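S.K.: Pasting target-v8.cif below, which is mmCIF, C-alpha atoms.
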```cif
data_final
#
loop_
_atom_site.label_atom_id
_atom_site.label_comp_id
_atom_site.auth_asym_id
_atom_site.auth_seq_id
_atom_site.Cartn_x
_atom_site.Cartn_y
_atom_site.Cartn_z
CA MET A 1 -3.82 -10.25 -9.50
CA ASP A 2 -2.20 -13.62 -9.27
CA GLN A 3 -1.64 -14.33 -5.57
CA ARG A 4 1.38 -16.46 -4.72
CA GLN A 5 2.98 -17.62 -1.50
CA HIS A 6 5.30 -14.97 -0.14
CA GLU A 7 8.47 -14.70 -2.12
CA PRO A 8 11.30 -12.35 -1.24
CA LYS A 9 11.05 -9.09 -3.17
CA CYS A 10 13.24 -6.14 -3.99
CA VAL A 11 11.55 -2.89 -2.93
CA ILE A 12 12.88 0.20 -4.70
CA ILE A 13 11.99 3.67 -3.43
CA SER A 14 12.57 6.38 -6.03
CA ALA A 15 12.19 10.16 -5.81
CA GLY A 16 9.02 10.82 -7.82
CA SER A 17 5.51 11.46 -6.56
CA PHE A 18 4.94 9.70 -3.26
CA PRO A 19 1.33 9.81 -2.05
CA ASP A 20 0.26 8.30 1.26
CA VAL A 21 1.31 4.66 1.05
CA GLU A 22 2.43 1.92 3.38
CA ILE A 23 5.45 -0.15 2.45
CA GLU A 24 5.48 -3.67 3.84
CA LEU A 25 8.85 -5.34 4.18
CA ASP A 26 8.98 -9.04 5.00
CA GLU A 27 11.82 -11.30 5.99
CA GLY A 28 14.11 -11.82 3.02
CA ASP A 29 13.10 -8.59 1.27
CA PHE A 30 15.76 -6.14 0.12
CA CYS A 31 15.02 -2.40 0.17
CA ILE A 32 16.91 0.10 -1.97
CA ALA A 33 16.39 3.86 -1.75
CA CYS A 34 17.39 5.77 -4.87
CA ASP A 35 18.92 9.19 -4.19
CA ALA A 36 16.20 11.53 -2.84
CA GLY A 37 13.95 8.48 -2.45
CA PHE A 38 15.74 8.17 0.89
CA LYS A 39 13.59 11.09 2.07
CA TYR A 40 10.48 8.90 1.76
CA ALA A 41 12.24 6.05 3.56
CA GLN A 42 13.02 8.48 6.39
CA GLN A 43 9.39 9.58 6.57
CA LEU A 44 8.25 5.96 6.85
CA GLY A 45 10.91 5.01 9.40
CA ILE A 46 12.59 2.59 7.00
CA LEU A 47 16.33 1.97 7.07
CA PRO A 48 17.13 0.82 3.52
CA ASP A 49 19.51 -2.06 2.98
CA LEU A 50 21.17 0.10 0.34
CA ILE A 51 21.06 3.75 -0.74
CA VAL A 52 22.05 4.25 -4.39
CA GLY A 53 22.60 7.48 -6.29
CA ASP A 54 24.79 10.34 -7.34
CA PHE A 55 22.91 12.28 -4.62
CA ASP A 56 22.15 15.33 -6.74
CA SER A 57 18.43 15.18 -5.95
CA ALA A 58 19.11 14.19 -2.33
CA SER A 59 21.09 17.38 -1.84
CA GLU A 60 18.12 19.35 -3.20
CA ALA A 61 15.67 17.53 -0.91
CA GLY A 62 16.92 19.31 2.19
CA PRO A 63 19.66 19.11 4.81
CA ASP A 64 17.91 16.38 6.83
CA VAL A 65 18.15 14.01 3.87
CA MET A 66 21.87 14.49 3.29
CA ARG A 67 22.50 14.46 7.04
CA GLY A 68 20.73 11.10 7.29
CA ILE A 69 22.74 9.69 4.39
CA SER A 70 25.98 10.94 5.96
CA GLU A 71 25.13 9.33 9.30
CA ILE A 72 24.43 6.01 7.63
CA ALA A 73 27.65 6.29 5.62
CA SER A 74 29.65 6.75 8.83
CA LEU A 75 27.97 3.91 10.71
CA SER A 76 27.29 1.43 7.89
CA PRO A 77 29.28 2.43 4.79
CA GLU A 78 28.26 -0.82 3.08
CA ARG A 79 24.73 0.61 2.82
CA ILE A 80 25.84 3.45 0.52
CA LEU A 81 26.63 3.15 -3.19
CA LYS A 82 27.76 6.50 -4.62
CA LEU A 83 27.37 6.70 -8.39
CA ASP A 84 29.03 9.00 -10.89
CA VAL A 85 26.79 11.80 -12.14
CA LYS A 86 27.72 10.90 -15.72
CA LYS A 87 26.34 7.42 -16.24
CA ASP A 88 24.11 5.43 -18.60
CA ASP A 89 21.90 3.83 -15.93
CA THR A 90 19.37 5.85 -14.01
CA ASP A 91 19.61 5.40 -10.25
CA THR A 92 16.48 3.23 -10.39
CA LEU A 93 17.86 1.03 -13.16
CA ARG A 94 21.09 0.56 -11.22
CA ALA A 95 19.00 -0.51 -8.23
CA VAL A 96 17.25 -3.06 -10.44
CA ARG A 97 20.58 -4.47 -11.63
CA ILE A 98 21.65 -4.87 -8.01
CA GLY A 99 18.41 -6.64 -7.12
CA LEU A 100 18.75 -8.97 -10.09
CA SER A 101 22.35 -9.76 -9.15
CA ARG A 102 21.07 -10.83 -5.72
CA GLY A 103 18.59 -13.21 -7.32
CA TYR A 104 15.35 -11.30 -6.82
CA LYS A 105 12.55 -12.07 -9.26
CA LYS A 106 9.92 -9.66 -7.94
CA PHE A 107 10.40 -5.89 -7.87
CA ILE A 108 8.07 -3.33 -6.28
CA PHE A 109 8.66 0.33 -7.16
CA TYR A 110 7.46 3.30 -5.11
CA GLY A 111 7.95 6.95 -6.00
CA ALA A 112 8.42 5.96 -9.63
CA LEU A 113 5.71 8.19 -11.13
CA GLY A 114 4.98 11.89 -11.31
CA GLY A 115 7.14 14.48 -9.69
CA LYS A 116 8.72 17.23 -11.75
CA ARG A 117 10.23 14.93 -14.37
CA PHE A 118 7.84 13.23 -16.80
CA ASP A 119 10.89 11.81 -18.56
CA HIS A 120 11.70 9.91 -15.37
CA THR A 121 8.20 8.43 -15.42
CA LEU A 122 8.79 7.14 -18.94
CA ALA A 123 12.25 5.90 -17.94
CA ASN A 124 10.71 3.90 -15.10
CA ILE A 125 8.12 2.37 -17.42
CA GLN A 126 11.01 1.30 -19.65
CA THR A 127 12.68 -0.07 -16.54
CA LEU A 128 9.61 -2.28 -15.98
CA LEU A 129 10.23 -3.71 -19.44
CA PHE A 130 13.91 -4.24 -18.57
CA VAL A 131 12.78 -6.19 -15.49
CA LYS A 132 10.45 -8.32 -17.62
CA HIS A 133 13.16 -9.05 -20.18
CA SER A 134 15.48 -10.01 -17.33
CA GLY A 135 13.15 -12.83 -16.32
CA ALA A 136 11.58 -11.03 -13.37
CA ARG A 137 8.30 -9.22 -12.57
CA GLY A 138 7.94 -5.55 -11.72
CA TYR A 139 5.12 -3.42 -10.34
CA ILE A 140 5.03 0.36 -10.01
CA MET A 141 2.80 1.12 -7.04
CA GLU A 142 0.99 4.12 -5.61
CA SER A 143 -1.79 4.21 -3.05
CA ASP A 144 -4.47 3.85 -5.74
CA LYS A 145 -2.48 2.85 -8.84
CA MET A 146 -0.44 0.00 -10.22
CA ILE A 147 1.47 -0.40 -13.48
CA LEU A 148 2.87 -3.66 -14.83
CA ILE A 149 3.95 -5.35 -18.05
CA ALA A 150 2.42 -8.43 -19.70
CA GLU A 151 4.38 -10.12 -22.45
CA ASN A 152 3.17 -13.33 -24.10
CA GLU A 153 1.31 -14.30 -20.92
CA THR A 154 -1.88 -14.09 -18.87
CA ILE A 155 -2.40 -11.79 -15.88
CA ARG A 156 -5.29 -12.40 -13.49
CA PHE A 157 -6.94 -10.03 -11.03
CA ASN A 158 -8.98 -11.41 -8.15
CA ARG A 159 -12.67 -10.71 -7.72
CA GLY A 160 -13.57 -7.67 -5.67
CA ASN A 161 -11.58 -5.05 -7.58
CA THR A 162 -13.27 -1.79 -8.59
CA GLY A 163 -11.91 0.97 -10.75
CA ILE A 164 -10.27 1.43 -14.15
CA LEU A 165 -8.00 -0.98 -16.01
CA SER A 166 -6.31 0.09 -19.25
CA VAL A 167 -4.04 -1.83 -21.60
CA PHE A 168 -1.67 -0.31 -24.16
CA SER A 169 0.49 -2.08 -26.68
CA LEU A 170 4.17 -1.31 -26.20
CA ALA A 171 4.99 -3.41 -29.25
CA PRO A 172 4.02 -2.02 -32.66
CA VAL A 173 1.43 -4.81 -32.78
CA SER A 174 0.22 -7.10 -29.97
CA ARG A 175 -1.86 -10.05 -31.13
CA GLY A 176 -4.14 -12.51 -29.42
CA VAL A 177 -5.25 -9.97 -26.82
CA SER A 178 -8.13 -11.27 -24.69
CA LEU A 179 -9.88 -9.33 -21.94
CA TYR A 180 -12.42 -11.10 -19.73
CA GLY A 181 -14.32 -10.16 -16.60
CA LEU A 182 -14.31 -6.47 -17.51
CA MET A 183 -16.93 -4.02 -18.71
CA TYR A 184 -15.59 -4.36 -22.27
CA ASN A 185 -14.33 -7.80 -23.23
CA MET A 186 -12.15 -8.78 -26.15
CA GLU A 187 -11.34 -12.21 -27.60
CA ARG A 188 -8.02 -12.70 -29.38
CA GLY A 189 -8.02 -9.14 -30.70
CA THR A 190 -5.18 -6.93 -31.87
CA LEU A 191 -3.84 -3.80 -30.20
CA THR A 192 -1.33 -1.44 -31.80
CA SER A 193 0.99 1.19 -30.37
CA ASP A 194 -0.67 4.01 -32.35
CA PHE A 195 -4.31 3.51 -31.31
CA PRO A 196 -5.45 3.53 -27.63
CA LEU A 197 -8.30 1.04 -28.00
CA GLY A 198 -7.64 -0.51 -24.59
CA VAL A 199 -7.98 2.65 -22.50
CA SER A 200 -10.50 3.09 -19.65
CA ASN A 201 -11.95 -0.38 -19.19
CA GLU A 202 -13.65 -1.16 -15.88
CA PHE A 203 -13.52 -3.97 -13.34
CA ILE A 204 -16.72 -5.87 -12.56
CA ILE A 205 -16.64 -6.41 -8.81
CA ASP A 206 -17.94 -10.00 -8.87
CA GLU A 207 -15.73 -11.12 -11.76
CA GLU A 208 -12.14 -12.30 -12.00
CA ALA A 209 -10.50 -10.03 -14.57
CA VAL A 210 -8.15 -11.72 -17.03
CA VAL A 211 -5.74 -10.07 -19.47
CA THR A 212 -3.97 -12.27 -22.04
CA VAL A 213 -1.56 -11.37 -24.81
CA GLU A 214 -0.41 -14.27 -26.98
CA ASP A 215 2.17 -12.40 -29.04
CA GLY A 216 3.23 -8.94 -27.94
CA THR A 217 3.82 -6.63 -25.00
CA LEU A 218 1.15 -4.80 -23.03
CA LEU A 219 1.43 -2.01 -20.50
CA ILE A 220 -1.34 -2.53 -17.94
CA THR A 221 -2.41 0.36 -15.73
CA VAL A 222 -4.85 0.03 -12.84
CA SER A 223 -6.54 2.89 -10.98
CA TRP A 224 -8.52 1.49 -8.08
CA ALA A 225 -11.70 3.23 -7.02
CA GLN A 226 -11.41 4.94 -3.64
#
```
Please express the file's structure as structure tokens.
M.R.:
Amino acid sequence: MDQRQHEPKCVIISAGSFPDVEIELDEGDFCIACDAGFKYAQQLGILPDLIVGDFDSASEAGPDVMRGISEIASLSPERILKLDVKKDDTDTLRAVRIGLSRGYKKFIFYGALGGKRFDHTLANIQTLLFVKHSGARGYIMESDKMILIAENETIRFNRGNTGILSVFSLAPVSRGVSLYGLMYNMERGTLTSDFPLGVSNEFIIDEEAVVTVEDGTLLITVSWAQ
């Protein structure tokens, strides 16, 4: 993927599936735990800059989670944002809005897939699109997976990757789709939202993989080989 000099990022920890991962926080980063996502922050020894939620799932995650939130609320109340249960934004989307308001242009999501709620997985994929349309970049991460959005742009992956790369059109039609440096290449092709032509491509370890969409929106999923 395109490697840039370090830029401050907003790290959002949600309450979905959370396999063994390491979260790196650098100077200038801002970490938000969403509701029961605070449990994962606790496990990793991370004190979030902000904990956002209506705390319904946090209360179900066990007494240690709510006890930790209560302790933080008493010592640093500015780190807690209690939301109404009845709201339009998901906890994760509210966290994104906060990150955007602070000027962040790069968002990394953990715990945003799986779990008991497939609808939350889809909501977080839509949230990636919200991030893109807000002029920022978002990545859903797991230990061996990454999901991102490409819209009228080119995404590059460095040499040395192994595993599966799939592309799906989120728009009814995405035109000018080019795939290079992969097992199956495409030059200025068309992908549609009702035919999964771009599923299960493969990295070539010695090649730089390139995904371009000239007019449309692609969901890119990567599953790295272990």
S.K.: So how many Å separate CA of Tyr40 in chain A and CA of Met146 in chain A, to one decimal?
M.R.: 18.5 Å
S.K.: For Gly189 in chain A, which of A:Gly160, A:Gly45, A:Gly176, A:Gly216 is the closest residue, counting all atoms listed in the file?
M.R.: A:Gly176
S.K.: Residues at most 8 Å from Asn152 in chain A, counting all atoms listed in the file, excluding those fewer than 6 positions away in the same chain, as a PyMOL selection string?
M.R.: chain A and resi 212-217
S.K.: Point out the residue among A:Asp91, A:Asp49, A:Leu165, A:Gly62 with the least atom-to-atom distance to Glu78 in chain A, counting only C-alpha atoms.
M.R.: A:Asp49
S.K.: Determine the nearest neighbour of Asn158 in chain A from the options A:Val173, A:Leu93, A:Ala209, A:Ile108, counting all atoms listed in the file.
M.R.: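 Nearest to Asn158 in chain A: A:Ala209.
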S.K.: When the PyMOL selection byres ((chain A and resi 7) around 12) is applied to the structure above, which residues does it catch, written out as number ranges by chain?
M.R.: A: 3-6, 8-10, 25-30, 103-107, 137
S.K.: What is the CA of Phe130 in chain A to CA of Leu218 in chain A distance in Å?
M.R.: 13.5 Å
S.K.: Can you pull out every residue within 10 Å of Thr90 in chain A, counting all atoms listed in the file, but drop anything in the same chain fewer than 5 positions away, and send it as JSON, numbers by chain?
M.R.: {"A": [34, 53, 54, 83, 85, 95, 96, 120, 123, 124, 127]}
S.K.: Please, what is the axis-aligned box for every listed atom of range 217-221 of chain A with 5 Å on each side, as centre and edge lengths in Å to one decimal, as lines of an AutoDock Vina configuration file?
M.R.:
```
center_x = 0.7
center_y = -3.1
center_z = -20.4
size_x = 16.2
size_y = 17.0
size_z = 19.3
```
S.K.: Nearest to Val21 in chain A among A:Glu71, A:Asp144, A:Glu151, A:Glu208, with distances taken over all atoms listed in the file: which residue is it?
M.R.: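 Closest to Val21 in chain A of all the choices is A:Asp144.
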